[in-house]
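Asker: Here you go, input29.cif (mmCIF, C-alpha atoms):
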data_my_file
loop_
_atom_site.label_atom_id
_atom_site.label_comp_id
_atom_site.auth_asym_id
_atom_site.auth_seq_id
_atom_site.Cartn_x
_atom_site.Cartn_y
_atom_site.Cartn_z
CA MET A 201 33.59 155.99 -182.51
CA PRO A 202 33.37 153.34 -185.27
CA ASP A 203 34.47 155.67 -188.09
CA ASP A 204 36.03 158.28 -185.79
CA PRO A 205 39.75 157.74 -185.15
CA ARG A 206 39.38 159.75 -181.93
CA LEU A 207 39.11 157.65 -178.79
CA SER A 208 35.78 158.02 -176.96
CA ASP A 209 35.62 158.61 -173.21
CA ALA A 210 34.07 155.14 -172.75
CA GLY A 211 36.86 153.63 -174.84
CA ALA A 212 39.44 155.49 -172.76
CA ALA A 213 37.87 154.17 -169.55
CA LEU A 214 38.06 150.61 -170.90
CA LEU A 215 41.66 151.04 -172.01
CA GLY A 216 42.48 152.43 -168.58
CA LEU A 217 41.16 149.25 -166.96
CA LEU A 218 42.97 147.03 -169.45
CA SER A 219 46.21 148.93 -168.82
CA GLU A 220 46.13 147.45 -165.31
CA GLU A 221 45.82 143.84 -166.52
CA PRO A 222 44.12 141.73 -169.19
CA MET A 223 40.47 141.00 -168.36
CA HIS A 224 37.38 139.13 -169.50
CA ALA A 225 34.39 141.35 -170.30
CA TRP A 226 32.63 140.21 -167.11
CA GLU A 227 35.72 141.21 -165.09
CA ILE A 228 35.56 144.61 -166.74
CA GLU A 229 31.88 144.91 -165.81
CA ARG A 230 32.65 143.90 -162.22
CA ASN A 231 35.40 146.56 -162.02
CA VAL A 232 33.15 149.24 -163.54
CA GLU A 233 30.49 148.46 -160.95
CA TYR A 234 32.89 147.99 -158.04
CA ARG A 235 34.75 151.24 -158.72
CA ASP A 236 31.57 153.27 -159.29
CA MET A 237 32.87 154.19 -162.73
CA ARG A 238 29.36 154.83 -164.05
CA SER A 239 29.40 158.09 -162.09
CA TRP A 240 32.09 159.38 -164.46
CA THR A 241 31.81 157.28 -167.63
CA ASP A 242 29.08 156.31 -170.07
CA LEU A 243 29.81 152.60 -169.79
CA SER A 244 26.79 150.40 -169.38
CA GLN A 245 26.90 146.66 -168.98
CA SER A 246 25.40 146.22 -172.43
CA SER A 247 27.87 148.59 -174.11
CA ILE A 248 31.10 147.01 -172.88
CA TYR A 249 31.23 144.33 -175.61
CA ARG A 250 30.32 146.88 -178.28
CA HIS A 251 33.11 149.21 -177.16
CA LEU A 252 35.58 146.32 -176.95
CA LYS A 253 34.78 145.32 -180.55
CA VAL A 254 35.37 148.90 -181.72
CA LEU A 255 38.64 149.10 -179.79
CA GLU A 256 39.76 145.75 -181.19
CA LYS A 257 38.89 146.81 -184.76
CA ALA A 258 40.91 150.02 -184.24
CA GLY A 259 43.89 147.94 -183.08
CA PHE A 260 43.77 149.34 -179.53
CA VAL A 261 43.05 145.98 -177.86
CA THR A 262 43.75 142.35 -178.65
CA SER A 263 41.86 139.31 -177.45
CA ASP A 264 42.70 135.69 -176.86
CA ALA A 265 40.43 132.75 -176.07
CA GLU A 266 40.91 131.22 -172.64
CA GLU A 267 39.12 128.26 -171.09
CA VAL A 268 37.45 129.04 -167.76
CA SER A 269 35.39 126.34 -166.06
CA GLY A 270 35.07 124.46 -169.34
CA ARG A 271 33.91 127.52 -171.29
CA LEU A 272 35.86 129.60 -173.75
CA ARG A 273 36.07 133.26 -172.82
CA ARG A 274 37.82 136.12 -174.54
CA VAL A 275 40.51 137.87 -172.54
CA PHE A 276 41.16 141.44 -173.68
CA SER A 277 44.54 143.17 -173.43
CA ILE A 278 45.62 146.68 -174.30
CA ALA A 279 47.83 146.91 -177.40
CA PRO A 280 50.75 149.35 -177.70
CA GLU A 281 48.60 151.44 -180.06
CA GLY A 282 45.92 151.49 -177.37
CA ARG A 283 48.36 152.75 -174.74
CA GLU A 284 49.44 155.50 -177.10
CA ALA A 285 45.85 156.47 -177.95
CA LEU A 286 44.88 156.36 -174.28
CA ALA A 287 47.77 158.61 -173.22
CA GLY A 288 46.86 161.10 -175.94
CA ARG A 289 43.17 161.13 -174.99
CA LEU A 290 43.96 161.51 -171.28
CA LEU A 291 46.18 164.51 -172.05
CA GLU A 292 43.32 166.05 -174.06
CA ILE A 293 40.89 165.49 -171.20
CA LEU A 294 43.28 166.97 -168.64
CA GLY A 295 43.43 170.17 -170.69
CA GLU A 296 39.73 170.52 -171.63
CA PRO A 297 37.44 171.92 -168.94
CA LEU A 298 33.96 170.53 -169.43
CA LEU A 299 31.21 172.34 -167.61
CA GLN A 300 28.50 170.00 -166.52
CA LYS A 301 24.85 170.58 -167.30
CA CYS A 302 23.03 170.74 -163.99
CA ARG A 303 19.25 170.48 -163.76
CA ILE A 304 19.35 172.58 -160.61
CA ASP A 305 20.24 175.53 -162.85
CA MET A 306 16.92 175.18 -164.67
CA ALA A 307 15.04 175.27 -161.38
CA THR A 308 16.92 178.25 -159.95
CA TYR A 309 16.68 180.14 -163.24
CA ASN A 310 12.89 179.81 -162.95
CA TYR A 311 12.74 180.10 -159.15
CA ASP A 312 10.04 182.78 -159.34
CA LEU A 313 7.62 180.27 -160.87
CA VAL A 314 7.44 178.00 -157.81
CA PRO A 315 6.14 178.74 -154.29
CA GLY A 316 9.03 180.19 -152.28
CA PRO A 317 8.66 178.22 -149.02
CA GLU A 318 8.27 174.89 -150.84
CA ALA A 319 11.17 175.69 -153.17
CA ALA A 320 13.39 176.56 -150.20
CA ARG A 321 12.37 173.33 -148.44
CA ARG A 322 13.20 171.28 -151.52
CA LEU A 323 16.53 173.05 -151.97
CA SER A 324 17.37 172.33 -148.33
CA ALA A 325 16.56 168.64 -148.92
CA TYR A 326 18.84 168.73 -151.98
CA ARG A 327 21.57 170.12 -149.74
CA GLU A 328 21.06 167.30 -147.22
CA ALA A 329 21.36 164.76 -150.04
CA LEU A 330 24.66 166.36 -151.04
CA ALA A 331 25.89 166.06 -147.45
CA ALA A 332 24.98 162.35 -147.47
CA ARG A 333 26.82 161.90 -150.78
CA ILE A 334 29.89 163.53 -149.24
CA GLY A 335 29.78 160.97 -146.44
CA CYS A 336 29.53 158.10 -148.94
CA TYR A 337 32.44 159.34 -151.02
CA ARG A 338 34.59 159.82 -147.92
CA GLU A 339 33.88 156.16 -147.12
CA VAL A 340 34.82 155.23 -150.70
CA GLU A 341 38.08 157.13 -150.37
CA GLU A 342 38.88 155.38 -147.08
CA PHE A 343 38.11 152.00 -148.62
CA MET A 344 40.34 152.82 -151.59
CA LYS A 345 43.18 153.84 -149.25
CA GLU A 346 42.85 150.60 -147.29
CA SER A 347 42.83 148.66 -150.59
CA GLY A 348 46.14 150.20 -151.57
CA CYS A 349 44.91 152.33 -154.46
CA PRO A 350 47.52 154.76 -155.77
CA TRP A 351 47.21 158.40 -154.75
CA PHE A 352 45.98 159.56 -158.16
CA ARG A 353 42.94 157.27 -158.00
CA LEU A 354 42.02 158.75 -154.64
CA ALA A 355 41.56 162.05 -156.47
CA VAL A 356 38.24 160.83 -157.93
CA PRO A 357 36.25 160.60 -154.66
CA ARG A 358 38.05 163.70 -153.36
CA ARG A 359 36.91 165.68 -156.41
CA VAL A 360 33.31 164.58 -155.91
CA VAL A 361 33.50 165.69 -152.26
CA ARG A 362 34.92 169.08 -153.22
CA MET A 363 32.29 169.62 -155.91
CA ALA A 364 29.48 168.70 -153.50
CA GLN A 365 30.94 171.02 -150.84
CA ALA A 366 31.06 173.88 -153.34
CA GLU A 367 27.46 173.19 -154.36
CA MET A 368 26.37 173.19 -150.70
CA GLU A 369 28.07 176.55 -150.23
CA TRP A 370 26.30 177.85 -153.34
CA ILE A 371 22.94 176.62 -151.95
CA ASP A 372 23.60 178.38 -148.64
CA ASP A 373 24.34 181.64 -150.48
CA PHE A 374 21.28 181.23 -152.71
CA LEU A 375 18.93 180.55 -149.81
CA ALA A 376 20.35 183.47 -147.82
CA GLU A 377 19.78 185.77 -150.79
CA ALA A 378 16.25 184.38 -151.28
CA ASP A 379 15.46 185.05 -147.60
CA GLY A 380 16.67 188.62 -147.98
CA ARG A 381 14.19 189.37 -150.77
#
Hey, can you dump this file as structure tokens for me?
Answerer:
Amino acid sequence: MPDDPRLSDAGAALLGLLSEEPMHAWEIERNVEYRDMRSWTDLSQSSIYRHLKVLEKAGFVTSDAEEVSGRLRRVFSIAPEGREALAGRLLEILGEPLLQKCRIDMATYNYDLVPGPEAARRLSAYREALAARIGCYREVEEFMKESGCPWFRLAVPRRVVRMAQAEMEWIDDFLAEADGR
């Protein structure tokens, strides 16, 4: 993003957080971790400062020094230009389907190269892991509801649940077809 005027997905995620309230970088990291944002962004703890510098250079965020426990810390805020860039990028994302690369496709494409019973056992274990993930994300959704999150944020765990349910249905169909051969 340094020379690219287009806002990166990581930059958009940061601006989204800063649109809620100004934050220190460590508060941003805590929110990224707490909200499980790494499951849908490429933000790592080490990249947050780098992205903030790029956003500040682009005029999308501002920062002010603030004393906390005797130490100076930078508090980042979204600038009007950042809100505008964020809104534009979010509209782009809402209109651009992005098909995910799934490693499971590589394995099923080459299914004939692995022993059938072992492959079916592993695929069943994969399905069980998806079921467990569904349970976790339903707990996340419930926690978010109890925390007063707005309805549109609840869509994130709901989408993960729906995607996992669809993948489980696909696995069931695949295994049934494999048994019939």
Asker: Report, in Å with one decimal, the straight-line distance from atom CA of A:Ser263 to atom CA of A:Arg235.
Answerer: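 Answer for the atom CA of A:Ser263 to atom CA of A:Arg235 separation: 23.3 Å.
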Asker: Selection in question (the file shown): the PyMOL selection byres ((chain A and resi 210) around 7). Which residues does it include, as a compact mmCIF listing (two decimals) with C-alpha atoms, keeping the file's coordinate frame?
Answerer:
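Produced file out.txt, reproduced below:
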# COMPACT_ATOMS: atom_id res chain seq x y z
CA SER A 208 35.78 158.02 -176.96
CA ASP A 209 35.62 158.61 -173.21
CA GLY A 211 36.86 153.63 -174.84
CA ALA A 212 39.44 155.49 -172.76
CA ALA A 213 37.87 154.17 -169.55
CA LEU A 214 38.06 150.61 -170.90
CA THR A 241 31.81 157.28 -167.63
CA ASP A 242 29.08 156.31 -170.07
CA LEU A 243 29.81 152.60 -169.79
Asker: Measure the distance from atom CA of A:Val268 to atom CA of A:His251 in Å and round it to one decimal.
Answerer: 22.7 Å
Asker: For A:Glu229, list every protein, DNA or RNA residue within 10 Å, evaluated using only C-alpha atoms, and leave out those in the same chain fewer than 3 positions away; present the list as a list in words.
Answerer: Leu214, Met223, His224, Ala225, Trp226, Val232, Glu233, Tyr234, Arg235, Met237, Leu243, Ser244, Gln245, Ser246, Ser247, Ile248 and Tyr249 of chain A
Asker: Got a sec to resolve the PyMOL selection byres ((chain A and resi 287-303) around 9) on this structure and send the residues as an MDAnalysis selection string?
Answerer: chainID A and resid 206:209 212 282:286 304:308
Asker: Can you translate the PyMOL selection byres ((chain A and resi 336-347) around 12) into the concrete residues it hits in this file, as a list in words?
Answerer: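 This file gives the following for the PyMOL selection byres ((chain A and resi 336-347) around 12): Tyr234, Arg235, Asp236, Ser239, Ala329, Leu330, Ala331, Ala332, Arg333, Ile334, Gly335, Gly348, Cys349, Pro350, Trp351, Phe352, Arg353, Leu354, Ala355, Val356, Pro357, Arg358, Arg359, Val360, Val361, Arg362, Met363, Ala364 and Gln365 of chain A.
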Asker: Counting only C-alpha atoms, write as a VMD selection string all protein and nucleic acid residues lying at most 9 Å from (49.9, 145.0, -175.8) in the file's frame.
Answerer: chain A and resid 219 260 to 262 277 to 283
Asker: Using all atoms listed in the file and a cutoff of 12 Å, can you tell me which residues are near (12.6, 177.6, -151.2) in the file's coordinates, and write them out as JSON, numbers by chain?
Answerer: {"A": [307, 308, 310, 311, 312, 313, 314, 315, 316, 317, 318, 319, 320, 321, 322, 323, 324, 325, 326, 327, 371, 372, 374, 375, 376, 377, 378, 379, 381]}
Asker: Rounded to one decimal in Å, what is the spacing between atom CA of A:Glu266 and atom CA of A:Pro222?
Answerer: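 Answer for the atom CA of A:Glu266 to atom CA of A:Pro222 separation: 11.5 Å.
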Asker: My list of candidates is A:Glu221, A:Gly380, A:Trp370, A:Phe276. Which is closest to A:Lys253 when distances are computed with all atoms listed in the file?
Answerer: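 Smallest distance to A:Lys253 is found for A:Phe276.
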